[in-house]
>>> print(open('target06.cif').read())   # mmCIF, C-alpha atoms
data_run
#
loop_
_atom_site.group_PDB
_atom_site.id
_atom_site.type_symbol
_atom_site.label_atom_id
_atom_site.label_comp_id
_atom_site.auth_asym_id
_atom_site.auth_seq_id
_atom_site.Cartn_x
_atom_site.Cartn_y
_atom_site.Cartn_z
ATOM 1 C CA MET C 20 -14.568 -8.745 -19.974
ATOM 2 C CA GLY C 21 -17.331 -11.085 -21.136
ATOM 3 C CA LEU C 22 -16.990 -10.190 -24.818
ATOM 4 C CA GLY C 23 -15.956 -13.696 -25.857
ATOM 5 C CA LEU C 24 -19.078 -15.139 -24.230
ATOM 6 C CA HIS C 25 -21.258 -12.509 -25.883
ATOM 7 C CA GLN C 26 -19.827 -13.208 -29.328
ATOM 8 C CA ALA C 27 -19.949 -16.996 -29.039
ATOM 9 C CA PHE C 28 -23.312 -17.758 -27.426
ATOM 10 C CA ALA C 29 -26.865 -16.487 -27.850
ATOM 11 C CA ALA C 30 -27.544 -17.569 -24.258
ATOM 12 C CA ALA C 31 -24.909 -15.122 -23.005
ATOM 13 C CA ARG C 32 -26.269 -12.331 -25.186
ATOM 14 C CA GLU C 33 -29.683 -12.857 -23.620
ATOM 15 C CA VAL C 34 -28.273 -12.334 -20.116
ATOM 16 C CA PHE C 35 -26.451 -9.135 -21.028
ATOM 17 C CA GLN C 36 -29.637 -7.837 -22.676
ATOM 18 C CA GLU C 37 -31.709 -8.704 -19.589
ATOM 19 C CA ILE C 38 -29.350 -6.685 -17.422
ATOM 20 C CA ASP C 39 -29.269 -3.745 -19.837
ATOM 21 C CA ASP C 40 -33.075 -3.736 -19.840
ATOM 22 C CA ALA C 41 -33.290 -3.982 -16.041
ATOM 23 C CA LEU C 42 -30.945 -1.038 -15.535
ATOM 24 C CA GLY C 43 -32.240 1.008 -18.459
ATOM 25 C CA GLU C 44 -28.768 1.510 -19.905
ATOM 26 C CA LYS C 45 -26.121 -0.254 -22.003
ATOM 27 C CA LEU C 46 -24.037 -1.652 -19.172
ATOM 28 C CA SER C 47 -22.911 -4.376 -21.596
ATOM 29 C CA ARG C 48 -21.143 -1.802 -23.773
ATOM 30 C CA LEU C 49 -19.260 -0.533 -20.733
ATOM 31 C CA ILE C 50 -18.348 -4.119 -19.781
ATOM 32 C CA PHE C 51 -16.948 -4.904 -23.230
ATOM 33 C CA GLU C 52 -15.413 -1.572 -24.192
ATOM 34 C CA GLY C 53 -14.846 0.488 -21.040
ATOM 35 C CA PRO C 54 -13.612 3.072 -20.294
ATOM 36 C CA GLU C 55 -12.028 1.275 -17.374
ATOM 37 C CA ASP C 56 -12.359 4.187 -14.954
ATOM 38 C CA GLN C 57 -16.136 4.081 -15.444
ATOM 39 C CA LEU C 58 -16.388 0.291 -15.314
ATOM 40 C CA THR C 59 -14.490 0.132 -12.013
ATOM 41 C CA LEU C 60 -16.856 2.529 -10.251
ATOM 42 C CA THR C 61 -18.480 0.284 -7.668
ATOM 43 C CA ALA C 62 -22.013 1.081 -8.889
ATOM 44 C CA ASN C 63 -21.015 -0.314 -12.306
ATOM 45 C CA ALA C 64 -18.503 -2.962 -11.285
ATOM 46 C CA GLN C 65 -20.928 -4.837 -9.033
ATOM 47 C CA PRO C 66 -23.669 -5.518 -11.618
ATOM 48 C CA ALA C 67 -20.999 -5.945 -14.319
ATOM 49 C CA LEU C 68 -19.246 -8.771 -12.517
ATOM 50 C CA MET C 69 -22.591 -10.401 -11.827
ATOM 51 C CA ALA C 70 -23.493 -10.078 -15.512
ATOM 52 C CA VAL C 71 -20.418 -11.985 -16.660
ATOM 53 C CA SER C 72 -20.941 -14.705 -14.052
ATOM 54 C CA LEU C 73 -24.584 -15.225 -14.975
ATOM 55 C CA ALA C 74 -23.848 -15.118 -18.703
ATOM 56 C CA ALA C 75 -21.331 -17.928 -18.244
ATOM 57 C CA MET C 76 -23.785 -19.816 -16.039
ATOM 58 C CA ARG C 77 -26.564 -19.494 -18.629
ATOM 59 C CA VAL C 78 -24.196 -20.854 -21.298
ATOM 60 C CA LEU C 79 -23.309 -23.806 -19.078
ATOM 61 C CA GLU C 80 -26.974 -24.604 -18.559
ATOM 62 C CA ARG C 81 -28.316 -23.933 -22.063
ATOM 63 C CA GLU C 82 -25.470 -25.183 -24.228
ATOM 64 C CA PHE C 83 -23.907 -27.911 -22.102
ATOM 65 C CA GLY C 84 -26.622 -29.083 -19.723
ATOM 66 C CA VAL C 85 -24.606 -28.182 -16.633
ATOM 67 C CA ALA C 86 -27.021 -26.484 -14.212
ATOM 68 C CA ALA C 87 -26.270 -24.971 -10.834
ATOM 69 C CA THR C 88 -28.525 -27.655 -9.353
ATOM 70 C CA LYS C 89 -25.720 -30.146 -10.056
ATOM 71 C CA ALA C 90 -23.550 -28.375 -7.473
ATOM 72 C CA ALA C 91 -23.418 -29.318 -3.807
ATOM 73 C CA PHE C 92 -23.402 -25.628 -2.804
ATOM 74 C CA VAL C 93 -23.151 -22.162 -4.276
ATOM 75 C CA ALA C 94 -21.058 -19.372 -2.768
ATOM 76 C CA GLY C 95 -19.820 -15.939 -3.743
ATOM 77 C CA HIS C 96 -17.313 -13.432 -2.399
ATOM 78 C CA SER C 97 -19.052 -10.218 -1.294
ATOM 79 C CA LEU C 98 -21.139 -9.051 -4.296
ATOM 80 C CA GLY C 99 -20.664 -12.579 -5.659
ATOM 81 C CA GLU C 100 -23.320 -13.796 -3.228
ATOM 82 C CA TYR C 101 -25.897 -12.118 -5.445
ATOM 83 C CA SER C 102 -24.501 -13.958 -8.472
ATOM 84 C CA ALA C 103 -24.591 -17.230 -6.523
ATOM 85 C CA LEU C 104 -28.181 -16.653 -5.442
ATOM 86 C CA ALA C 105 -29.255 -15.830 -8.994
ATOM 87 C CA ALA C 106 -27.534 -18.987 -10.261
ATOM 88 C CA ALA C 107 -29.403 -21.029 -7.641
ATOM 89 C CA GLY C 108 -32.771 -19.488 -8.563
ATOM 90 C CA ALA C 109 -33.280 -17.320 -5.474
ATOM 91 C CA LEU C 110 -33.066 -14.032 -7.387
ATOM 92 C CA SER C 111 -33.983 -13.175 -10.944
ATOM 93 C CA ILE C 112 -31.121 -11.760 -13.001
ATOM 94 C CA ALA C 113 -32.984 -8.465 -13.373
ATOM 95 C CA ASP C 114 -33.558 -8.150 -9.615
ATOM 96 C CA ALA C 115 -29.922 -9.062 -8.882
ATOM 97 C CA ALA C 116 -28.752 -6.312 -11.244
ATOM 98 C CA LYS C 117 -31.026 -3.714 -9.655
ATOM 99 C CA LEU C 118 -30.025 -4.724 -6.134
ATOM 100 C CA LEU C 119 -26.327 -4.564 -6.986
ATOM 101 C CA ARG C 120 -26.716 -1.134 -8.561
ATOM 102 C CA THR C 121 -28.424 0.030 -5.345
ATOM 103 C CA ARG C 122 -25.739 -1.683 -3.266
ATOM 104 C CA GLY C 123 -22.921 -0.070 -5.218
ATOM 105 C CA ASN C 124 -24.415 3.414 -4.991
ATOM 106 C CA ALA C 125 -25.163 3.010 -1.277
ATOM 107 C CA MET C 126 -21.686 1.728 -0.446
ATOM 108 C CA GLN C 127 -20.058 4.560 -2.383
ATOM 109 C CA ALA C 128 -22.231 7.172 -0.672
ATOM 110 C CA ALA C 129 -21.746 5.806 2.861
ATOM 111 C CA VAL C 130 -18.317 7.367 3.405
ATOM 112 C CA PRO C 131 -16.854 10.462 1.699
ATOM 113 C CA VAL C 132 -14.014 9.653 -0.701
ATOM 114 C CA GLY C 133 -10.664 9.792 1.085
ATOM 115 C CA GLU C 134 -12.021 9.202 4.581
ATOM 116 C CA GLY C 135 -11.870 5.408 4.407
ATOM 117 C CA ALA C 136 -9.262 2.873 3.335
ATOM 118 C CA MET C 137 -8.584 -0.836 2.963
ATOM 119 C CA ALA C 138 -5.303 -2.732 3.063
ATOM 120 C CA ALA C 139 -4.264 -6.295 2.304
ATOM 121 C CA LEU C 140 -2.029 -8.051 4.809
ATOM 122 C CA ILE C 141 0.000 -10.634 2.918
ATOM 123 C CA GLY C 142 2.693 -13.193 3.534
ATOM 124 C CA LYS C 143 2.845 -14.954 6.886
ATOM 125 C CA VAL C 144 -0.388 -13.423 8.143
ATOM 126 C CA ASP C 145 -3.343 -15.341 9.531
ATOM 127 C CA VAL C 146 -6.615 -13.958 10.799
ATOM 128 C CA ALA C 147 -5.394 -13.868 14.416
ATOM 129 C CA LEU C 148 -2.471 -11.596 13.511
ATOM 130 C CA ALA C 149 -4.760 -9.519 11.292
ATOM 131 C CA GLU C 150 -7.138 -9.011 14.227
ATOM 132 C CA GLU C 151 -4.205 -7.954 16.410
ATOM 133 C CA ILE C 152 -3.117 -5.445 13.761
ATOM 134 C CA ALA C 153 -6.682 -4.133 13.396
ATOM 135 C CA ALA C 154 -6.984 -3.744 17.176
ATOM 136 C CA ALA C 155 -3.752 -1.744 17.239
ATOM 137 C CA GLY C 156 -5.231 0.759 14.793
ATOM 138 C CA GLN C 157 -8.479 1.250 16.677
ATOM 139 C CA SER C 158 -7.000 3.919 18.939
ATOM 140 C CA ALA C 159 -6.872 6.170 15.873
ATOM 141 C CA GLY C 160 -10.140 5.174 14.215
ATOM 142 C CA VAL C 161 -12.328 2.352 12.981
ATOM 143 C CA VAL C 162 -10.402 -0.757 11.840
ATOM 144 C CA VAL C 163 -11.743 -4.293 11.365
ATOM 145 C CA VAL C 164 -10.863 -7.452 9.492
ATOM 146 C CA ALA C 165 -13.009 -7.202 6.358
ATOM 147 C CA ASN C 166 -12.010 -10.170 4.197
ATOM 148 C CA ASP C 167 -10.473 -13.374 5.550
ATOM 149 C CA ASN C 168 -9.538 -14.744 2.125
ATOM 150 C CA ASN C 169 -6.900 -17.315 3.054
ATOM 151 C CA VAL C 170 -3.796 -17.524 5.192
ATOM 152 C CA GLY C 171 -1.476 -14.923 3.730
ATOM 153 C CA ASN C 172 -4.285 -12.787 2.326
ATOM 154 C CA VAL C 173 -6.373 -10.946 4.910
ATOM 155 C CA VAL C 174 -7.875 -7.506 4.282
ATOM 156 C CA ILE C 175 -8.521 -4.826 6.891
ATOM 157 C CA SER C 176 -10.917 -1.919 6.415
ATOM 158 C CA GLY C 177 -11.858 1.275 8.210
ATOM 159 C CA SER C 178 -11.109 4.963 8.545
ATOM 160 C CA LYS C 179 -7.996 6.343 6.867
ATOM 161 C CA ALA C 180 -6.473 7.297 10.229
ATOM 162 C CA GLY C 181 -7.234 3.898 11.715
ATOM 163 C CA ILE C 182 -5.765 2.009 8.756
ATOM 164 C CA ASP C 183 -2.625 4.173 8.822
ATOM 165 C CA ALA C 184 -2.119 3.359 12.509
ATOM 166 C CA ALA C 185 -2.770 -0.333 11.892
ATOM 167 C CA LEU C 186 -0.226 -0.445 9.076
ATOM 168 C CA ALA C 187 2.395 1.188 11.280
ATOM 169 C CA TYR C 188 1.856 -1.641 13.774
ATOM 170 C CA ALA C 189 1.909 -4.218 10.971
ATOM 171 C CA LYS C 190 5.338 -2.963 9.974
ATOM 172 C CA GLU C 191 6.556 -3.412 13.560
ATOM 173 C CA LYS C 192 5.275 -6.997 13.456
ATOM 174 C CA GLY C 193 7.039 -7.678 10.165
ATOM 175 C CA ALA C 194 3.786 -8.126 8.225
ATOM 176 C CA ARG C 195 3.658 -6.976 4.613
ATOM 177 C CA ALA C 196 0.786 -4.653 3.782
ATOM 178 C CA ILE C 197 -0.549 -3.106 0.594
ATOM 179 C CA LEU C 198 -3.056 -0.264 0.513
ATOM 180 C CA LEU C 199 -5.860 -1.220 -1.860
ATOM 181 C CA ASN C 200 -7.121 1.046 -4.622
ATOM 182 C CA VAL C 201 -10.738 1.064 -3.487
ATOM 183 C CA SER C 202 -13.267 3.859 -3.237
ATOM 184 C CA ALA C 203 -14.674 3.062 0.214
ATOM 185 C CA PRO C 204 -13.998 1.020 3.394
ATOM 186 C CA PHE C 205 -16.144 -1.989 2.473
ATOM 187 C CA HIS C 206 -17.230 -4.591 5.035
ATOM 188 C CA SER C 207 -16.642 -2.302 7.995
ATOM 189 C CA PRO C 208 -18.986 -0.569 10.468
ATOM 190 C CA LEU C 209 -18.594 2.601 8.400
ATOM 191 C CA MET C 210 -20.861 0.933 5.820
ATOM 192 C CA GLN C 211 -23.885 1.052 8.158
ATOM 193 C CA PRO C 212 -25.718 3.647 6.010
ATOM 194 C CA ALA C 213 -25.363 1.252 3.067
ATOM 195 C CA ALA C 214 -26.647 -1.636 5.210
ATOM 196 C CA ASP C 215 -29.704 0.443 6.086
ATOM 197 C CA ALA C 216 -30.314 1.202 2.402
ATOM 198 C CA MET C 217 -29.974 -2.474 1.477
ATOM 199 C CA ALA C 218 -32.347 -3.503 4.271
ATOM 200 C CA ASP C 219 -34.977 -1.322 2.604
ATOM 201 C CA ALA C 220 -34.138 -2.614 -0.890
ATOM 202 C CA LEU C 221 -34.103 -6.264 0.130
ATOM 203 C CA ALA C 222 -37.366 -5.931 2.062
ATOM 204 C CA GLY C 223 -39.124 -5.447 -1.244
ATOM 205 C CA ALA C 224 -37.107 -7.980 -3.242
ATOM 206 C CA ALA C 225 -38.522 -11.360 -4.253
ATOM 207 C CA ILE C 226 -36.317 -14.163 -2.925
ATOM 208 C CA ALA C 227 -37.612 -17.541 -4.074
ATOM 209 C CA PRO C 228 -36.937 -20.959 -2.529
ATOM 210 C CA PHE C 229 -33.676 -22.150 -4.026
ATOM 211 C CA ALA C 230 -31.261 -25.046 -4.406
ATOM 212 C CA PRO C 231 -28.466 -25.811 -3.867
ATOM 213 C CA ALA C 232 -27.819 -24.117 -0.518
ATOM 214 C CA LEU C 233 -25.761 -20.937 -0.263
ATOM 215 C CA VAL C 234 -22.647 -20.936 1.926
ATOM 216 C CA ALA C 235 -22.978 -17.433 3.332
ATOM 217 C CA ASN C 236 -20.136 -14.945 3.797
ATOM 218 C CA VAL C 237 -21.307 -13.903 7.236
ATOM 219 C CA THR C 238 -21.679 -17.369 8.774
ATOM 220 C CA ALA C 239 -19.454 -19.606 6.592
ATOM 221 C CA ARG C 240 -22.275 -22.155 6.765
ATOM 222 C CA ALA C 241 -25.029 -23.351 4.444
ATOM 223 C CA VAL C 242 -28.302 -21.433 4.387
ATOM 224 C CA ARG C 243 -31.448 -22.447 2.535
ATOM 225 C CA GLU C 244 -34.245 -20.182 3.778
ATOM 226 C CA PRO C 245 -35.102 -16.998 1.843
ATOM 227 C CA ALA C 246 -35.785 -15.086 5.080
ATOM 228 C CA SER C 247 -32.306 -15.948 6.377
ATOM 229 C CA VAL C 248 -30.732 -14.900 3.087
ATOM 230 C CA ARG C 249 -32.455 -11.508 3.260
ATOM 231 C CA LYS C 250 -31.054 -10.933 6.767
ATOM 232 C CA LEU C 251 -27.534 -12.142 5.942
ATOM 233 C CA LEU C 252 -27.252 -9.996 2.824
ATOM 234 C CA VAL C 253 -27.843 -6.939 5.007
ATOM 235 C CA GLU C 254 -25.357 -8.090 7.646
ATOM 236 C CA GLN C 255 -22.779 -8.769 4.931
ATOM 237 C CA ILE C 256 -22.479 -5.049 4.117
ATOM 238 C CA THR C 257 -20.789 -4.293 7.438
ATOM 239 C CA GLY C 258 -19.661 -7.835 8.269
ATOM 240 C CA ARG C 259 -16.591 -9.913 7.541
ATOM 241 C CA VAL C 260 -16.354 -11.962 4.360
ATOM 242 C CA ARG C 261 -15.391 -15.299 5.916
ATOM 243 C CA TRP C 262 -14.180 -16.806 2.672
ATOM 244 C CA ARG C 263 -11.375 -18.962 4.121
ATOM 245 C CA GLU C 264 -13.791 -20.522 6.588
ATOM 246 C CA SER C 265 -16.428 -20.979 3.884
ATOM 247 C CA VAL C 266 -14.010 -22.862 1.653
ATOM 248 C CA GLU C 267 -12.722 -24.959 4.545
ATOM 249 C CA TRP C 268 -16.298 -25.855 5.541
ATOM 250 C CA MET C 269 -17.241 -26.827 1.994
ATOM 251 C CA ALA C 270 -14.093 -28.935 1.571
ATOM 252 C CA GLY C 271 -14.487 -30.505 4.999
ATOM 253 C CA GLU C 272 -18.004 -30.995 6.299
ATOM 254 C CA GLY C 273 -19.506 -30.284 2.876
ATOM 255 C CA GLY C 274 -17.362 -32.908 1.145
ATOM 256 C CA VAL C 275 -16.612 -30.726 -1.883
ATOM 257 C CA GLU C 276 -13.759 -31.965 -4.075
ATOM 258 C CA ARG C 277 -14.036 -29.569 -7.040
ATOM 259 C CA PHE C 278 -14.612 -25.813 -6.943
ATOM 260 C CA ILE C 279 -15.918 -24.122 -10.088
ATOM 261 C CA GLU C 280 -15.418 -20.346 -10.404
ATOM 262 C CA VAL C 281 -17.926 -19.032 -12.929
ATOM 263 C CA GLY C 282 -17.315 -15.548 -14.298
ATOM 264 C CA ALA C 283 -14.489 -13.066 -14.652
ATOM 265 C CA GLY C 284 -11.043 -13.793 -13.269
ATOM 266 C CA LYS C 285 -9.349 -16.552 -11.294
ATOM 267 C CA GLN C 286 -8.866 -14.978 -7.873
ATOM 268 C CA LEU C 287 -11.234 -17.265 -5.998
ATOM 269 C CA SER C 288 -9.692 -20.354 -7.596
ATOM 270 C CA GLY C 289 -6.310 -19.210 -6.322
ATOM 271 C CA MET C 290 -7.705 -18.759 -2.824
ATOM 272 C CA VAL C 291 -9.155 -22.279 -2.891
ATOM 273 C CA LYS C 292 -5.890 -23.825 -4.068
ATOM 274 C CA ARG C 293 -3.881 -22.010 -1.417
ATOM 275 C CA GLY C 294 -6.449 -22.760 1.258
ATOM 276 C CA VAL C 295 -7.522 -26.390 0.800
ATOM 277 C CA GLY C 296 -5.643 -27.558 -2.273
ATOM 278 C CA LYS C 297 -8.721 -28.879 -4.076
ATOM 279 C CA GLU C 298 -9.245 -29.080 -7.823
ATOM 280 C CA THR C 299 -10.487 -25.824 -9.348
ATOM 281 C CA PHE C 300 -11.826 -24.624 -12.685
ATOM 282 C CA ALA C 301 -12.088 -20.935 -13.607
ATOM 283 C CA LEU C 302 -14.639 -20.442 -16.386
ATOM 284 C CA ASN C 303 -13.966 -17.110 -18.089
ATOM 285 C CA GLU C 304 -13.976 -17.781 -21.824
ATOM 286 C CA PRO C 305 -15.880 -20.102 -24.182
ATOM 287 C CA ALA C 306 -12.954 -22.540 -24.327
ATOM 288 C CA ASP C 307 -12.897 -22.759 -20.508
ATOM 289 C CA ILE C 308 -16.587 -23.656 -20.411
ATOM 290 C CA GLU C 309 -16.326 -26.201 -23.208
ATOM 291 C CA ALA C 310 -13.331 -27.902 -21.563
ATOM 292 C CA PHE C 311 -15.040 -28.047 -18.180
ATOM 293 C CA ALA C 312 -18.300 -29.404 -19.595
ATOM 294 C CA LYS C 313 -16.406 -32.378 -20.982
ATOM 295 C CA THR C 314 -15.377 -33.347 -17.451
ATOM 296 C CA ILE C 315 -18.976 -33.660 -16.202
#
>>> encode(input="target06.cif", output="structure tokens")
Amino acid sequence: MGLGLHQAFAAAREVFQEIDDALGEKLSRLIFEGPEDQLTLTANAQPALMAVSLAAMRVLEREFGVAATKAAFVAGHSLGEYSALAAAGALSIADAAKLLRTRGNAMQAAVPVGEGAMAALIGKVDVALAEEIAAAGQSAGVVVVANDNNVGNVVISGSKAGIDAALAYAKEKGARAILLNVSAPFHSPLMQPAADAMADALAGAAIAPFAPALVANVTARAVREPASVRKLLVEQITGRVRWRESVEWMAGEGGVERFIEVGAGKQLSGMVKRGVGKETFALNEPADIEAFAKTI
């Protein structure tokens, strides 16, 4: 992950070095070489994914003259909001890395391993059915809709007992469900200790005026004020990632015709295509960036 960018562009190497320096360790080596079981620990995965996104963004800006300021909006899914805010100039890369390391550690520590769970509801499932399934599990424990990604991809999160009960009801309703291989019940009320930790961390973080506006997970609307961002980043820890609504708002009221996914993977591009059918670009490798830059 990210190795092609590192090898091809000095601008990308600078970003990886900035993050290594901020964290006081060679996170870049873990990103490029693994081992995978260490990279996927949430305390590493969160700053690692941000690192690849910002390395690609720096290459776009430095090598091809394509800055985030050319976008109508920025947005990110869960931890991706920190990447989006760094791209827009609200957070420094170093501060984003430190905040995400704190966020990852706090989220992992909030609930003992094995006591929480998350599950994806797929197929003919919309958020209304997902909420019904979550409500059915609440007699056994905490269950909420955590990620409304798109119709046919809604994630529920909560206690292990609550999720088990919810999935039994999902089966009765004919909804397909897949338990996710995650280490904690993210975006649920069980993450409140992590939200408290991030409130403290964000209180001392410098958030600069920024542009373009962020379409926030919690509200699915554009936000421009640093004070609002600070508050929403705390709420996001326990709140729903309203990605489907965010994409629909950008494509509708926001007038967005092209969605550019900058960083590792193509999952968000797939969600956009399934949700609003707009043109997407996923910029993972040097060739992706070069091809996209030619379209500007």
>>> closest_residue(input="target06.cif", among="C:Phe83, C:Phe311, C:Phe205, C:Tyr101", to="C:Ala136", atoms="only C-alpha atoms")
C:Phe205
>>> closest_atom_pairs(input="target06.cif", of="stretch 75-101 of chain C", to="stretch 54-68 of chain C", cutoff="12 Å", atoms="all atoms listed in the file", output="JSON lines")
{"residue": "C:Ala75", "atom": "CA", "partner": "C:Leu68", "partner_atom": "CA", "distance": 11.0}
{"residue": "C:Gly95", "atom": "CA", "partner": "C:Leu68", "partner_atom": "CA", "distance": 11.3}
{"residue": "C:His96", "atom": "CA", "partner": "C:Leu68", "partner_atom": "CA", "distance": 11.3}
{"residue": "C:Ser97", "atom": "CA", "partner": "C:Gln65", "partner_atom": "CA", "distance": 9.6}
{"residue": "C:Leu98", "atom": "CA", "partner": "C:Gln65", "partner_atom": "CA", "distance": 6.3}
{"residue": "C:Gly99", "atom": "CA", "partner": "C:Leu68", "partner_atom": "CA", "distance": 8.0}
{"residue": "C:Glu100", "atom": "CA", "partner": "C:Gln65", "partner_atom": "CA", "distance": 10.9}
{"residue": "C:Tyr101", "atom": "CA", "partner": "C:Pro66", "partner_atom": "CA", "distance": 9.3}
>>> closest_residue(input="target06.cif", among="C:Gly282, C:Val260, C:Ala113, C:Ala91", to="C:Val173", atoms="only C-alpha atoms")
C:Val260
>>> axis_aligned_box(input="target06.cif", around="stretch 223-233 of chain C", padding_each_side="8 Å", output="JSON")
{"center_x": -32.4, "center_y": -15.6, "center_z": -2.3, "size_x": 29.4, "size_y": 36.4, "size_z": 20.1}
>>> atom_distance(input="target06.cif", atom1="atom CA of C:Ala153", atom2="atom CA of C:Trp268")
25.0 Å
>>> residues_around(input="target06.cif", residues="stretch 110-112 of chain C", least_positions_apart="4", cutoff="9 Å", atoms="all atoms listed in the file", output="list in words")
Val34, Glu37, Ile38, Ala41, Met69, Ala70, Leu73, Tyr101, Ser102, Leu104, Ala105, Ala106, Ala116, Lys117, Ala224, Ala225, Ile226, Ala227 and Phe229 of chain C
>>> write_last_selection(input="target06.cif", atoms="C-alpha atoms", output="PDB file, in the frame of the given file")
ATOM      1  CA  VAL C  34     -28.273 -12.334 -20.116  1.00  0.00           C
ATOM      2  CA  GLU C  37     -31.709  -8.704 -19.589  1.00  0.00           C
ATOM      3  CA  ILE C  38     -29.350  -6.685 -17.422  1.00  0.00           C
ATOM      4  CA  ALA C  41     -33.290  -3.982 -16.041  1.00  0.00           C
ATOM      5  CA  MET C  69     -22.591 -10.401 -11.827  1.00  0.00           C
ATOM      6  CA  ALA C  70     -23.493 -10.078 -15.512  1.00  0.00           C
ATOM      7  CA  LEU C  73     -24.584 -15.225 -14.975  1.00  0.00           C
ATOM      8  CA  TYR C 101     -25.897 -12.118  -5.445  1.00  0.00           C
ATOM      9  CA  SER C 102     -24.501 -13.958  -8.472  1.00  0.00           C
ATOM     10  CA  LEU C 104     -28.181 -16.653  -5.442  1.00  0.00           C
ATOM     11  CA  ALA C 105     -29.255 -15.830  -8.994  1.00  0.00           C
ATOM     12  CA  ALA C 106     -27.534 -18.987 -10.261  1.00  0.00           C
ATOM     13  CA  ALA C 116     -28.752  -6.312 -11.244  1.00  0.00           C
ATOM     14  CA  LYS C 117     -31.026  -3.714  -9.655  1.00  0.00           C
ATOM     15  CA  ALA C 224     -37.107  -7.980  -3.242  1.00  0.00           C
ATOM     16  CA  ALA C 225     -38.522 -11.360  -4.253  1.00  0.00           C
ATOM     17  CA  ILE C 226     -36.317 -14.163  -2.925  1.00  0.00           C
ATOM     18  CA  ALA C 227     -37.612 -17.541  -4.074  1.00  0.00           C
ATOM     19  CA  PHE C 229     -33.676 -22.150  -4.026  1.00  0.00           C
TER      20      PHE C 229
END
>>> atom_distance(input="target06.cif", atom1="atom CA of C:Val242", atom2="atom CA of C:Ser288")
22.2 Å
>>> closest_residue(input="target06.cif", among="C:Ala149, C:Val253, C:Val275, C:Ala87", to="C:Ala230", atoms="all atoms listed in the file")
C:Ala87
>>> closest_residue(input="target06.cif", among="C:Leu251, C:Ala246, C:Ala310, C:Leu209", to="C:Pro131", atoms="only C-alpha atoms")
C:Leu209
>>> residues_around(input="target06.cif", residues="C:Glu276", least_positions_apart="6", cutoff="7 Å", atoms="all atoms listed in the file", output="VMD selection string")
chain C and resid 270 297 to 298
>>> resolve_selection(input="target06.cif", expression="the PyMOL selection byres ((chain C and resi 299-301) around 6)", output="VMD selection string")
chain C and resid 277 to 280 285 288 298 302
>>> closest_residue(input="target06.cif", among="C:Val266, C:Ile315, C:Met137, C:Ala154", to="C:Gly294", atoms="only C-alpha atoms")
C:Val266
>>> residues_around(input="target06.cif", residues="C:Pro208", least_positions_apart="4", cutoff="9 Å", atoms="only C-alpha atoms", output="list in words")
Val161, Val162, Val163, Gly177, Pro204, Ile256, Thr257 and Gly258 of chain C
>>> closest_residue(input="target06.cif", among="C:Arg81, C:Arg240, C:Lys292, C:Lys313", to="C:Glu272", atoms="only C-alpha atoms")
C:Arg240
